[in-house]
file target_31.cif (mmCIF, C-alpha atoms)
data_run
#
loop_
_atom_site.label_atom_id
_atom_site.label_comp_id
_atom_site.auth_asym_id
_atom_site.auth_seq_id
_atom_site.Cartn_x
_atom_site.Cartn_y
_atom_site.Cartn_z
CA MET K 1359 43.22 7.59 -45.00
CA LEU K 1360 46.74 8.91 -44.65
CA ARG K 1361 47.88 11.91 -46.60
CA VAL K 1362 51.54 12.91 -46.69
CA ASP K 1363 53.04 15.78 -48.62
CA VAL K 1364 56.29 16.91 -47.03
CA THR K 1365 59.80 18.15 -47.63
CA LYS K 1366 62.67 17.85 -45.20
CA GLN K 1367 66.33 18.74 -45.48
CA LEU K 1368 68.60 16.50 -43.40
CA GLY K 1369 72.17 17.64 -43.93
CA GLU K 1370 73.03 16.81 -47.51
CA PHE K 1371 69.99 14.65 -47.92
CA SER K 1372 66.72 16.09 -49.11
CA LEU K 1373 63.43 14.28 -48.73
CA GLU K 1374 60.45 15.26 -50.81
CA ALA K 1375 57.56 12.88 -50.63
CA SER K 1376 53.92 13.05 -51.47
CA PHE K 1377 51.43 10.21 -51.38
CA GLU K 1378 47.99 9.23 -50.20
CA SER K 1379 47.23 5.81 -48.91
CA GLN K 1380 43.86 4.12 -48.96
CA GLY K 1381 45.18 0.64 -48.53
CA ARG K 1382 45.16 -1.22 -45.29
CA VAL K 1383 48.88 -1.88 -45.39
CA THR K 1384 51.02 0.69 -47.13
CA GLY K 1385 54.44 -0.68 -47.91
CA LEU K 1386 57.18 1.92 -47.89
CA PHE K 1387 59.82 0.34 -50.07
CA GLY K 1388 63.35 1.49 -50.81
CA ALA K 1389 67.04 0.84 -50.29
CA SER K 1390 68.64 1.93 -47.03
CA GLY K 1391 69.24 5.66 -47.12
CA ALA K 1392 66.18 6.29 -49.28
CA GLY K 1393 64.55 8.25 -46.46
CA LYS K 1394 62.01 5.67 -45.29
CA THR K 1395 62.69 6.05 -41.59
CA SER K 1396 62.73 9.85 -41.75
CA LEU K 1397 59.40 9.70 -43.49
CA ILE K 1398 57.67 7.55 -40.90
CA ASN K 1399 59.32 9.50 -38.09
CA MET K 1400 57.49 12.50 -39.54
CA ILE K 1401 54.22 10.57 -39.61
CA ALA K 1402 54.81 9.65 -35.96
CA GLY K 1403 55.56 13.27 -35.11
CA LEU K 1404 59.10 12.54 -33.93
CA LEU K 1405 60.52 14.64 -36.76
CA ARG K 1406 59.00 17.88 -37.98
CA PRO K 1407 58.76 18.49 -41.71
CA ASP K 1408 60.33 21.68 -43.06
CA ARG K 1409 57.31 22.22 -45.22
CA GLY K 1410 54.10 20.37 -45.94
CA ILE K 1411 51.10 18.55 -44.61
CA ILE K 1412 50.43 15.27 -42.86
CA ALA K 1413 46.82 14.29 -42.25
CA LEU K 1414 45.21 11.12 -40.95
CA ASP K 1415 41.52 10.37 -41.39
CA GLY K 1416 40.81 14.03 -42.05
CA GLU K 1417 42.69 15.27 -38.98
CA THR K 1418 45.64 17.54 -39.70
CA LEU K 1419 48.70 16.35 -37.80
CA ASP K 1420 51.20 18.68 -39.42
CA ASP K 1421 50.59 21.76 -41.47
CA THR K 1422 53.65 23.96 -41.59
CA ALA K 1423 51.81 26.78 -43.38
CA LYS K 1424 49.36 27.02 -40.47
CA GLY K 1425 51.94 26.23 -37.82
CA VAL K 1426 50.17 23.00 -36.83
CA HIS K 1427 52.23 20.24 -35.23
CA VAL K 1428 50.49 17.65 -33.11
CA PRO K 1429 53.10 16.17 -30.72
CA PRO K 1430 53.69 12.39 -30.94
CA HIS K 1431 51.87 11.57 -27.70
CA ARG K 1432 48.63 13.08 -28.99
CA ARG K 1433 48.66 11.38 -32.39
CA ARG K 1434 47.53 7.92 -31.36
CA ILE K 1435 49.88 6.42 -33.88
CA GLY K 1436 51.64 3.24 -32.78
CA TYR K 1437 55.25 2.67 -33.75
CA VAL K 1438 57.17 -0.59 -33.85
CA PHE K 1439 60.86 0.15 -34.15
CA GLN K 1440 63.44 -2.03 -35.79
CA ASP K 1441 65.21 -2.38 -32.44
CA ALA K 1442 62.04 -3.03 -30.37
CA ARG K 1443 62.96 -0.40 -27.75
CA LEU K 1444 61.31 -2.16 -24.87
CA PHE K 1445 61.74 -0.38 -21.55
CA PRO K 1446 64.57 -2.24 -19.81
CA HIS K 1447 63.40 -1.32 -16.31
CA LEU K 1448 59.93 -2.79 -16.82
CA ASP K 1449 58.94 -6.42 -17.27
CA VAL K 1450 56.98 -7.60 -20.29
CA ARG K 1451 53.62 -7.18 -18.57
CA GLN K 1452 54.41 -3.56 -17.65
CA ASN K 1453 55.77 -2.87 -21.12
CA LEU K 1454 52.53 -4.13 -22.63
CA ASP K 1455 50.46 -2.09 -20.23
CA TYR K 1456 52.44 1.11 -20.73
CA GLY K 1457 50.40 2.68 -23.53
CA ARG K 1458 47.12 2.00 -21.76
CA ARG K 1459 48.41 3.69 -18.60
CA MET K 1460 49.79 6.72 -20.42
CA ASN K 1461 46.56 7.22 -22.33
CA GLY K 1462 44.45 6.74 -19.24
CA LEU K 1463 42.44 3.98 -20.89
CA ALA K 1464 40.40 1.55 -18.85
CA GLU K 1465 41.76 -1.97 -18.43
CA ASP K 1466 40.55 -4.20 -21.19
CA SER K 1467 41.39 -7.77 -20.28
CA SER K 1468 39.74 -9.31 -23.33
CA GLN K 1469 41.78 -7.10 -25.66
CA HIS K 1470 44.87 -7.93 -23.61
CA ALA K 1471 44.16 -11.65 -23.84
CA ARG K 1472 43.42 -11.47 -27.53
CA ILE K 1473 46.70 -9.73 -28.34
CA THR K 1474 48.87 -11.85 -26.09
CA ASP K 1475 47.28 -14.91 -27.75
CA LEU K 1476 47.68 -13.50 -31.23
CA LEU K 1477 51.38 -12.90 -30.62
CA ASP K 1478 52.00 -15.88 -28.33
CA ILE K 1479 53.56 -13.79 -25.61
CA GLY K 1480 51.42 -14.94 -22.71
CA GLY K 1481 54.29 -17.00 -21.34
CA LEU K 1482 56.72 -14.11 -21.30
CA LEU K 1483 54.80 -11.69 -19.10
CA ASP K 1484 57.06 -11.88 -16.06
CA ARG K 1485 60.33 -11.63 -17.92
CA ARG K 1486 62.54 -8.60 -18.38
CA PRO K 1487 63.41 -7.46 -21.91
CA GLY K 1488 67.03 -8.52 -21.31
CA GLN K 1489 65.84 -12.12 -20.98
CA LEU K 1490 64.04 -12.25 -24.32
CA SER K 1491 65.27 -13.40 -27.71
CA GLY K 1492 65.24 -10.98 -30.62
CA GLY K 1493 62.04 -12.43 -32.03
CA GLU K 1494 60.29 -12.41 -28.67
CA ARG K 1495 61.31 -8.81 -28.12
CA GLN K 1496 59.84 -7.81 -31.47
CA ARG K 1497 56.57 -9.59 -30.71
CA VAL K 1498 56.30 -7.83 -27.35
CA ALA K 1499 57.01 -4.50 -29.05
CA LEU K 1500 54.19 -5.25 -31.47
CA GLY K 1501 51.85 -6.09 -28.62
CA ARG K 1502 52.86 -2.98 -26.73
CA ALA K 1503 52.07 -0.77 -29.72
CA LEU K 1504 48.75 -2.52 -30.39
CA LEU K 1505 47.58 -2.29 -26.79
CA SER K 1506 47.89 1.49 -26.86
CA LYS K 1507 44.96 1.25 -29.33
CA PRO K 1508 46.48 3.26 -32.15
CA ARG K 1509 44.48 4.29 -35.20
CA LEU K 1510 47.54 3.67 -37.38
CA LEU K 1511 50.48 1.37 -36.82
CA LEU K 1512 53.92 2.29 -38.15
CA MET K 1513 56.47 -0.45 -38.53
CA ASP K 1514 60.07 0.31 -39.36
CA GLU K 1515 61.70 -2.87 -40.65
CA PRO K 1516 60.36 -4.87 -37.72
CA LEU K 1517 62.15 -7.94 -39.08
CA GLY K 1518 65.31 -6.05 -39.98
CA SER K 1519 67.35 -7.07 -36.97
CA LEU K 1520 66.34 -10.74 -37.15
CA ASP K 1521 67.97 -13.62 -38.99
CA GLU K 1522 66.08 -15.63 -41.62
CA GLY K 1523 64.70 -18.23 -39.22
CA ARG K 1524 63.38 -15.57 -36.88
CA LYS K 1525 61.78 -13.67 -39.74
CA GLU K 1526 59.82 -16.77 -40.65
CA GLU K 1527 58.77 -16.91 -37.02
CA ILE K 1528 57.35 -13.35 -36.98
CA LEU K 1529 55.89 -13.03 -40.46
CA PRO K 1530 52.77 -15.12 -39.78
CA TYR K 1531 51.92 -12.84 -36.86
CA LEU K 1532 52.17 -9.82 -39.10
CA VAL K 1533 49.88 -11.42 -41.65
CA ARG K 1534 47.37 -12.15 -38.88
CA LEU K 1535 47.63 -8.56 -37.77
CA ARG K 1536 46.99 -7.28 -41.25
CA ASP K 1537 43.89 -9.44 -41.44
CA GLU K 1538 42.71 -7.88 -38.18
CA GLY K 1539 42.25 -4.73 -40.21
CA ILE K 1540 44.35 -2.16 -38.38
CA PRO K 1541 45.85 0.28 -40.92
CA MET K 1542 49.60 0.04 -41.16
CA VAL K 1543 52.55 1.70 -42.78
CA TYR K 1544 55.20 -0.95 -43.19
CA VAL K 1545 58.76 0.04 -44.02
CA SER K 1546 61.03 -2.48 -45.65
CA HIS K 1547 63.82 -2.89 -48.16
CA ASP K 1548 62.73 -6.48 -48.75
CA ALA K 1549 60.37 -6.84 -51.73
CA ALA K 1550 59.42 -10.41 -50.80
CA GLU K 1551 58.29 -9.33 -47.35
CA LEU K 1552 56.14 -6.55 -48.78
CA ARG K 1553 54.60 -8.83 -51.37
CA GLN K 1554 53.28 -10.93 -48.52
CA LEU K 1555 52.00 -8.06 -46.42
CA ALA K 1556 51.32 -4.87 -48.30
CA THR K 1557 48.18 -3.88 -50.16
CA GLN K 1558 49.71 -0.72 -51.59
CA ILE K 1559 53.31 0.29 -52.30
CA VAL K 1560 55.10 3.62 -52.07
CA MET K 1561 58.52 3.28 -53.63
CA LEU K 1562 61.17 5.65 -52.35
CA LYS K 1563 64.51 6.36 -53.96
CA ARG K 1564 67.02 8.92 -52.68
CA GLY K 1565 64.33 10.93 -50.98
CA ARG K 1566 61.81 10.92 -53.83
CA VAL K 1567 58.71 8.83 -54.49
CA THR K 1568 59.44 6.97 -57.72
CA ALA K 1569 56.41 4.69 -57.91
CA LEU K 1570 52.98 4.31 -56.34
CA GLY K 1571 50.50 1.52 -56.70
CA GLY K 1572 49.72 -2.09 -55.94
CA VAL K 1573 52.31 -4.74 -55.09
CA LYS K 1574 52.90 -5.13 -58.84
CA VAL K 1575 55.17 -2.05 -58.78
CA LEU K 1576 57.68 -4.12 -56.81
CA THR K 1577 58.72 -6.10 -59.84
CA MET O 353 89.70 5.07 22.64
CA PHE O 354 86.15 4.09 21.65
CA ASP O 355 84.46 5.90 24.47
CA ILE O 356 82.61 8.61 22.62
CA SER O 357 81.78 11.63 24.79
CA PRO O 358 78.36 13.36 24.72
CA ALA O 359 79.91 16.43 23.08
CA GLU O 360 81.30 14.23 20.31
CA TRP O 361 77.97 12.52 19.88
CA THR O 362 76.36 15.92 19.51
CA ALA O 363 78.80 16.80 16.75
CA ILE O 364 78.29 13.46 14.99
CA LEU O 365 74.50 13.67 15.13
CA LEU O 366 74.54 17.29 14.03
CA SER O 367 76.78 16.39 11.09
CA LEU O 368 74.39 13.65 10.08
CA ARG O 369 71.38 15.93 10.37
CA VAL O 370 73.08 18.71 8.40
CA ALA O 371 74.23 16.32 5.67
CA VAL O 372 70.88 14.49 5.39
CA VAL O 373 68.88 17.72 5.17
CA ALA O 374 71.36 19.29 2.74
CA THR O 375 71.22 16.22 0.47
CA LEU O 376 67.45 15.80 0.54
CA VAL O 377 66.78 19.46 -0.18
CA ALA O 378 69.45 19.70 -2.87
CA THR O 379 68.40 16.53 -4.72
CA PRO O 380 65.28 17.85 -6.55
CA PHE O 381 67.26 20.90 -7.65
CA GLY O 382 70.13 18.64 -8.65
CA ILE O 383 67.86 16.46 -10.78
CA ALA O 384 66.29 19.47 -12.48
CA LEU O 385 69.68 21.00 -13.22
CA ALA O 386 71.20 17.73 -14.36
CA TRP O 387 68.29 17.22 -16.75
CA LEU O 388 68.61 20.77 -18.05
CA LEU O 389 72.34 20.39 -18.64
CA ALA O 390 71.99 16.93 -20.18
CA ARG O 391 68.99 17.52 -22.40
CA ARG O 392 68.51 21.18 -23.27
CA GLU O 393 70.44 23.64 -25.35
CA PHE O 394 69.99 27.23 -24.26
CA TRP O 395 71.79 30.51 -24.09
CA GLY O 396 74.12 30.68 -21.10
CA LYS O 397 74.32 26.93 -20.62
CA SER O 398 78.09 26.94 -20.25
CA ILE O 399 77.83 29.75 -17.70
CA LEU O 400 75.26 27.78 -15.70
CA ASP O 401 77.47 24.70 -15.93
CA ALA O 402 80.45 26.69 -14.63
CA LEU O 403 78.33 28.18 -11.85
CA VAL O 404 77.28 24.73 -10.65
CA HIS O 405 80.90 23.62 -10.53
CA LEU O 406 82.18 26.83 -8.95
CA PRO O 407 82.04 25.59 -5.34
CA LEU O 408 84.35 22.76 -6.36
CA VAL O 409 87.16 25.07 -7.43
CA LEU O 410 86.54 28.19 -5.37
CA PRO O 411 88.33 28.38 -1.98
CA PRO O 412 85.66 27.20 0.49
CA VAL O 413 86.28 30.27 2.62
CA VAL O 414 85.23 32.41 -0.35
CA THR O 415 81.99 30.46 -0.78
CA GLY O 416 81.35 30.76 2.96
CA TYR O 417 82.00 34.48 2.93
CA LEU O 418 79.71 34.97 -0.08
CA LEU O 419 77.02 33.02 1.77
CA LEU O 420 77.51 35.26 4.79
CA LEU O 421 77.14 38.35 2.61
CA THR O 422 74.02 36.98 0.94
CA PHE O 423 72.29 34.97 3.65
CA GLY O 424 73.63 36.69 6.77
CA ARG O 425 71.16 38.64 8.88
CA ARG O 426 72.06 41.80 7.04
CA GLY O 427 72.53 40.05 3.72
CA LEU O 428 70.23 40.87 0.86
CA VAL O 429 68.46 37.52 0.84
CA GLY O 430 69.04 36.73 4.51
CA ALA O 431 67.34 39.91 5.76
CA TRP O 432 64.35 39.36 3.50
CA LEU O 433 63.97 35.71 4.53
CA ALA O 434 64.24 36.58 8.21
CA ASP O 435 61.72 39.44 8.00
CA ASN O 436 59.17 37.78 5.76
CA LEU O 437 59.41 34.04 6.33
CA GLY O 438 61.21 33.88 9.64
CA ILE O 439 63.94 31.70 8.16
CA VAL O 440 67.35 32.44 9.61
CA PHE O 441 70.53 30.82 8.30
CA ALA O 442 73.24 32.80 10.06
CA PHE O 443 74.86 30.88 12.93
CA ARG O 444 72.21 28.19 12.82
CA TRP O 445 72.43 24.54 11.82
CA THR O 446 70.21 25.38 8.84
CA GLY O 447 72.99 27.66 7.63
CA ALA O 448 75.41 24.75 7.94
CA ALA O 449 73.00 22.68 5.82
CA LEU O 450 72.83 25.46 3.22
CA ALA O 451 76.62 25.72 3.06
CA CYS O 452 76.98 21.94 2.81
CA GLY O 453 74.26 21.73 0.17
CA ILE O 454 75.97 24.28 -2.02
CA MET O 455 79.45 22.84 -1.53
CA SER O 456 78.29 19.32 -2.36
CA PHE O 457 76.05 20.37 -5.24
CA PRO O 458 78.59 19.73 -8.05
CA LEU O 459 79.18 16.20 -6.75
CA LEU O 460 75.45 15.59 -6.56
CA VAL O 461 74.70 16.86 -10.05
CA ARG O 462 77.48 15.12 -11.94
CA PRO O 463 76.45 11.45 -11.61
CA ILE O 464 72.81 12.36 -12.26
CA ARG O 465 73.75 14.24 -15.40
CA LEU O 466 75.94 11.39 -16.62
CA SER O 467 73.22 8.84 -16.04
CA ILE O 468 70.65 10.96 -17.88
CA GLU O 469 73.07 11.40 -20.76
CA ALA O 470 73.58 7.64 -20.88
CA ILE O 471 69.86 6.94 -21.37
CA ASP O 472 68.94 5.93 -24.88
CA ARG O 473 66.79 8.77 -26.12
CA ARG O 474 65.07 6.38 -28.49
CA LEU O 475 63.39 4.85 -25.45
CA GLU O 476 61.94 8.27 -24.69
CA GLN O 477 60.73 8.51 -28.28
CA ALA O 478 59.09 5.11 -27.97
CA SER O 479 57.41 6.31 -24.80
CA SER O 480 55.98 9.38 -26.53
CA THR O 481 54.59 7.32 -29.42
CA LEU O 482 52.78 5.25 -26.78
CA GLY O 483 50.98 8.36 -25.61
CA ALA O 484 53.21 9.69 -22.83
CA ALA O 485 53.30 13.48 -22.46
CA PRO O 486 56.78 14.96 -21.84
CA TRP O 487 56.37 14.97 -18.06
CA GLN O 488 55.19 11.35 -18.18
CA VAL O 489 58.20 10.41 -20.28
CA PHE O 490 60.37 11.96 -17.60
CA ALA O 491 58.55 10.30 -14.73
CA THR O 492 58.21 6.82 -16.21
CA VAL O 493 61.32 6.42 -18.37
CA THR O 494 64.00 9.05 -17.76
CA LEU O 495 63.89 9.21 -13.98
CA PRO O 496 63.61 5.46 -13.27
CA LEU O 497 66.48 4.74 -15.64
CA ALA O 498 68.55 7.51 -14.04
CA LEU O 499 67.66 6.43 -10.52
CA PRO O 500 70.93 4.62 -9.76
CA GLY O 501 72.76 7.78 -10.87
CA VAL O 502 70.53 9.86 -8.63
CA LEU O 503 71.32 7.61 -5.67
CA ALA O 504 75.05 7.67 -6.48
CA GLY O 505 74.91 11.46 -6.62
CA MET O 506 73.05 11.62 -3.33
CA VAL O 507 75.58 9.39 -1.62
CA LEU O 508 78.54 11.38 -2.94
CA GLY O 509 76.83 14.66 -2.06
CA PHE O 510 76.10 13.33 1.40
CA ALA O 511 79.71 12.29 1.93
CA LYS O 512 80.92 15.69 0.81
CA ALA O 513 78.36 17.47 2.98
CA ILE O 514 79.33 15.55 6.09
CA GLY O 515 82.98 16.50 5.65
CA GLU O 516 82.46 20.13 4.63
CA PHE O 517 84.48 22.51 6.72
CA GLY O 518 85.69 25.76 5.17
CA ALA O 519 82.46 27.27 3.94
CA THR O 520 80.50 26.09 6.96
CA ILE O 521 82.84 27.51 9.58
CA THR O 522 83.10 30.80 7.66
CA PHE O 523 79.35 31.15 7.32
CA VAL O 524 77.95 29.80 10.58
CA SER O 525 81.04 29.58 12.78
CA ASN O 526 81.78 26.72 15.20
CA ILE O 527 79.14 26.69 17.90
CA PRO O 528 78.91 23.39 19.83
CA GLY O 529 75.41 21.99 19.64
CA GLU O 530 74.30 24.35 16.88
CA THR O 531 76.86 24.48 14.07
CA GLN O 532 79.76 22.34 15.28
CA THR O 533 79.96 19.42 12.88
CA ILE O 534 82.47 16.57 12.99
CA SER O 535 84.94 18.59 10.94
CA SER O 536 84.80 21.72 13.06
CA ALA O 537 84.86 19.59 16.21
CA ILE O 538 88.10 17.97 14.99
CA TYR O 539 89.45 21.42 14.22
CA SER O 540 88.70 22.58 17.76
CA LEU O 541 90.05 19.41 19.33
CA ILE O 542 93.44 19.51 17.62
CA GLN O 543 93.92 23.03 18.89
CA THR O 544 93.26 21.92 22.46
CA PRO O 545 95.92 20.20 24.55
CA ASP O 546 94.98 16.50 25.15
CA GLY O 547 92.44 16.69 22.34
CA ASP O 548 94.35 14.18 20.24
CA THR O 549 92.51 11.02 21.28
CA ALA O 550 89.08 12.57 20.77
CA ALA O 551 90.17 14.03 17.46
CA GLY O 552 91.48 10.61 16.45
CA ARG O 553 88.09 9.05 17.21
CA LEU O 554 86.27 11.60 15.06
CA VAL O 555 88.82 11.20 12.30
CA LEU O 556 88.20 7.46 12.32
CA ILE O 557 84.45 7.99 12.18
CA SER O 558 84.88 10.38 9.24
CA ILE O 559 86.92 7.80 7.38
CA VAL O 560 84.33 5.09 7.99
CA ILE O 561 81.48 7.32 6.76
CA ALA O 562 83.40 8.45 3.68
CA MET O 563 84.46 4.92 2.74
CA GLY O 564 80.95 3.64 3.22
CA ALA O 565 79.61 6.37 0.98
CA LEU O 566 82.15 5.68 -1.77
CA ILE O 567 81.43 1.95 -1.72
CA ALA O 568 77.69 2.58 -1.82
CA SER O 569 78.11 5.03 -4.68
CA GLU O 570 80.14 2.50 -6.65
CA TRP O 571 77.47 -0.14 -6.02
CA PHE O 572 74.72 2.14 -7.32
CA ALA O 573 76.79 2.94 -10.42
CA ARG O 574 77.15 -0.76 -11.18
CA ARG O 575 73.42 -1.27 -10.76
CA ALA O 576 72.85 1.58 -13.19
CA THR O 577 74.73 -0.21 -15.95
CA LYS O 578 72.87 -3.41 -15.27
CA ARG O 579 69.53 -1.67 -15.35
CA LEU O 580 70.27 0.01 -18.65
CA HIS O 581 71.07 -3.35 -20.18
CA GLY O 582 67.76 -4.78 -19.16
CA ASN O 583 68.59 -7.65 -16.85
#
call {"tool": "encode", "arguments": {"input": "target_31.cif", "output": "structure tokens"}}
result
Amino acid sequence: MLRVDVTKQLGEFSLEASFESQGRVTGLFGASGAGKTSLINMIAGLLRPDRGIIALDGETLDDTAKGVHVPPHRRRIGYVFQDARLFPHLDVRQNLDYGRRMNGLAEDSSQHARITDLLDIGGLLDRRPGQLSGGERQRVALGRALLSKPRLLLMDEPLGSLDEGRKEEILPYLVRLRDEGIPMVYVSHDAAELRQLATQIVMLKRGRVTALGGVKVLT
Amino acid sequence: MFDISPAEWTAILLSLRVAVVATLVATPFGIALAWLLARREFWGKSILDALVHLPLVLPPVVTGYLLLLTFGRRGLVGAWLADNLGIVFAFRWTGAALACGIMSFPLLVRPIRLSIEAIDRRLEQASSTLGAAPWQVFATVTLPLALPGVLAGMVLGFAKAIGEFGATITFVSNIPGETQTISSAIYSLIQTPDGDTAAGRLVLISIVIAMGALIASEWFARRATKRLHGN
């Protein structure tokens, strides 16, 4: 369970959001500039809230009143960015292996095989990120995040930088992933996308939560 | 013309040794400083920045004299080092390396700093969400991506160190076999009658080394751009 109750002032923009998510896939829905990315950056620990609490499965990650801030590398929260952010100096295999190495986890070849199969990236392992298409890059980024064995996966418009055809290419993988059961927070401004993926919706408008509930709130 | 005398060889080899040692010792400090200047905001940053660049604008003889005052046998640091650690800089080749290291430091730091500044910080964020502690982020993302800049800085620093003259001769004098580098050897030769041919040879060698270093530095810089674009 994820619990978020935070405020953050970013220049002129103020973000004040409070929600709890029980669902497997929480869709964070809102127009661009609604504060979605700032919100998940706070969940990831990349941005510190001015005030408030973030807790995951009973563990406090941020509590400004008590001065608690768990740094991103100790949160075990995976993050798939809109722009993939693969490491350009590493090939796909090394990118995928990165989280395992940093966390000092043992090699798990069955997990590796399962995820490369799930995402169809087995044929890309020896390539450099510069030699991948946008859709391939996004799939590798997904695999990289998953292989670090996160307890929550954040996705910030993972289809945002792709054209329609490419989106159709990735979406089935995301559905498969959802059915794997890993909890996710999925940010999007596209209601159709969220209808397919999310089990619960948090609607954000100009820094405030305006609706909470099932996918029905999207209409 | 191309018959290099043993004395000239001594000067050339000494120059190489001084420049190599100066560059290798200065590089870790250069990386740390470049990172600090590129990535951290702190009180006195502009003063530190100016201090790093000071040898570039100060008359070399001033830098050399300051080194003599500080690291000379009776200097504050020099006396302590000699008494406690047995390290002597004055009138030794190590002193030449120290002078060259300090004089070339601004040239070493600059490309490293620029290459660190050019790294997309979002890659470092991605690295931390994958479980990398700050030092791991530095070791596995920042440093590898800045590596071409580090090499470019080392090459430039090396080229500067091998040609350093003013601070070196002020600090450690011009002792053949101990502190006489190519530059001070040329200086001695052009003050000697009939020294012109030998001086010309050393001048030519200096030009070759400097050109080689500049070309190498340029090559590393181009690799840096390529690396950052992921090919």
call {"tool": "resolve_selection", "arguments": {"input": "target_31.cif", "expression": "the PyMOL selection byres ((chain O) within 12 of (chain K))", "output": "ChimeraX atom specification"}}
result
/O:471-489,491-500,575-583
call {"tool": "residues_around", "arguments": {"input": "target_31.cif", "residues": "stretch 395-402 of chain O", "least_positions_apart": "5", "cutoff": "10 Å", "atoms": "only C-alpha atoms", "output": "PyMOL selection string"}}
result
chain O and resi 385-386+388-389+407-409+458
call {"tool": "resolve_selection", "arguments": {"input": "target_31.cif", "expression": "the PyMOL selection byres ((chain O and resi 445) around 10)", "output": "number ranges by chain"}}
result
O: 366-367, 369-370, 440-444, 446-451, 520, 524, 527, 529-533
call {"tool": "residues_around", "arguments": {"input": "target_31.cif", "residues": "K:Leu1517", "least_positions_apart": "5", "cutoff": "8 Å", "atoms": "only C-alpha atoms", "output": "PyMOL selection string"}}
result
chain K and resi 1440+1496+1525+1528
call {"tool": "resolve_selection", "arguments": {"input": "target_31.cif", "expression": "the PyMOL selection byres ((chain K and resi 1383) around 6)", "output": "PyMOL selection string"}}
result
chain K and resi 1381-1382+1384+1541-1543+1556-1557
call {"tool": "write_last_selection", "arguments": {"input": "target_31.cif", "atoms": "C-alpha atoms", "output": "compact mmCIF listing (two decimals), in the frame of the given file"}}
result
# COMPACT_ATOMS: atom_id res chain seq x y z
CA GLY K 1381 45.18 0.64 -48.53
CA ARG K 1382 45.16 -1.22 -45.29
CA THR K 1384 51.02 0.69 -47.13
CA PRO K 1541 45.85 0.28 -40.92
CA MET K 1542 49.60 0.04 -41.16
CA VAL K 1543 52.55 1.70 -42.78
CA ALA K 1556 51.32 -4.87 -48.30
CA THR K 1557 48.18 -3.88 -50.16
call {"tool": "atom_distance", "arguments": {"input": "target_31.cif", "atom1": "atom CA of K:Val1573", "atom2": "atom CA of K:Pro1407"}}
result
27.6 Å
call {"tool": "atom_distance", "arguments": {"input": "target_31.cif", "atom1": "atom CA of K:Arg1406", "atom2": "atom CA of K:Leu1373"}}
result
12.2 Å
call {"tool": "residues_around", "arguments": {"input": "target_31.cif", "residues": "K:Gly1391", "least_positions_apart": "5", "cutoff": "10 Å", "atoms": "only C-alpha atoms", "output": "ChimeraX atom specification"}}
result
/K:1371,1396,1562-1565
call {"tool": "build_atoms", "arguments": {"input": "target_31.cif", "residues": "stretch 1522-1533 of chain K", "atoms": "N, CA and C atoms", "output": "PDB file, in the coordinates of the input"}}
result
ATOM      1  N   GLU K1522      67.120 -15.055 -40.765  1.00  0.00           N
ATOM      2  CA  GLU K1522      66.080 -15.630 -41.620  1.00  0.00           C
ATOM      3  C   GLU K1522      65.053 -16.477 -40.849  1.00  0.00           C
ATOM      4  N   GLY K1523      65.584 -17.337 -39.974  1.00  0.00           N
ATOM      5  CA  GLY K1523      64.700 -18.230 -39.220  1.00  0.00           C
ATOM      6  C   GLY K1523      63.707 -17.439 -38.379  1.00  0.00           C
ATOM      7  N   ARG K1524      64.222 -16.409 -37.740  1.00  0.00           N
ATOM      8  CA  ARG K1524      63.380 -15.570 -36.880  1.00  0.00           C
ATOM      9  C   ARG K1524      62.331 -14.823 -37.696  1.00  0.00           C
ATOM     10  N   LYS K1525      62.733 -14.378 -38.884  1.00  0.00           N
ATOM     11  CA  LYS K1525      61.780 -13.670 -39.740  1.00  0.00           C
ATOM     12  C   LYS K1525      60.595 -14.564 -40.033  1.00  0.00           C
ATOM     13  N   GLU K1526      60.894 -15.806 -40.365  1.00  0.00           N
ATOM     14  CA  GLU K1526      59.820 -16.770 -40.650  1.00  0.00           C
ATOM     15  C   GLU K1526      58.923 -16.934 -39.440  1.00  0.00           C
ATOM     16  N   GLU K1527      59.538 -16.760 -38.252  1.00  0.00           N
ATOM     17  CA  GLU K1527      58.770 -16.910 -37.020  1.00  0.00           C
ATOM     18  C   GLU K1527      57.776 -15.756 -36.834  1.00  0.00           C
ATOM     19  N   ILE K1528      58.185 -14.538 -37.221  1.00  0.00           N
ATOM     20  CA  ILE K1528      57.350 -13.350 -36.980  1.00  0.00           C
ATOM     21  C   ILE K1528      56.333 -13.110 -38.083  1.00  0.00           C
ATOM     22  N   LEU K1529      56.721 -13.402 -39.300  1.00  0.00           N
ATOM     23  CA  LEU K1529      55.890 -13.030 -40.460  1.00  0.00           C
ATOM     24  C   LEU K1529      54.425 -13.471 -40.344  1.00  0.00           C
ATOM     25  N   PRO K1530      54.179 -14.701 -39.908  1.00  0.00           N
ATOM     26  CA  PRO K1530      52.770 -15.120 -39.780  1.00  0.00           C
ATOM     27  C   PRO K1530      51.972 -14.217 -38.845  1.00  0.00           C
ATOM     28  N   TYR K1531      52.615 -13.729 -37.778  1.00  0.00           N
ATOM     29  CA  TYR K1531      51.920 -12.840 -36.860  1.00  0.00           C
ATOM     30  C   TYR K1531      51.535 -11.549 -37.551  1.00  0.00           C
ATOM     31  N   LEU K1532      52.449 -11.068 -38.391  1.00  0.00           N
ATOM     32  CA  LEU K1532      52.170  -9.820 -39.100  1.00  0.00           C
ATOM     33  C   LEU K1532      51.017  -9.995 -40.076  1.00  0.00           C
ATOM     34  N   VAL K1533      50.977 -11.157 -40.732  1.00  0.00           N
ATOM     35  CA  VAL K1533      49.880 -11.420 -41.650  1.00  0.00           C
ATOM     36  C   VAL K1533      48.552 -11.448 -40.884  1.00  0.00           C
TER      37      VAL K1533
END
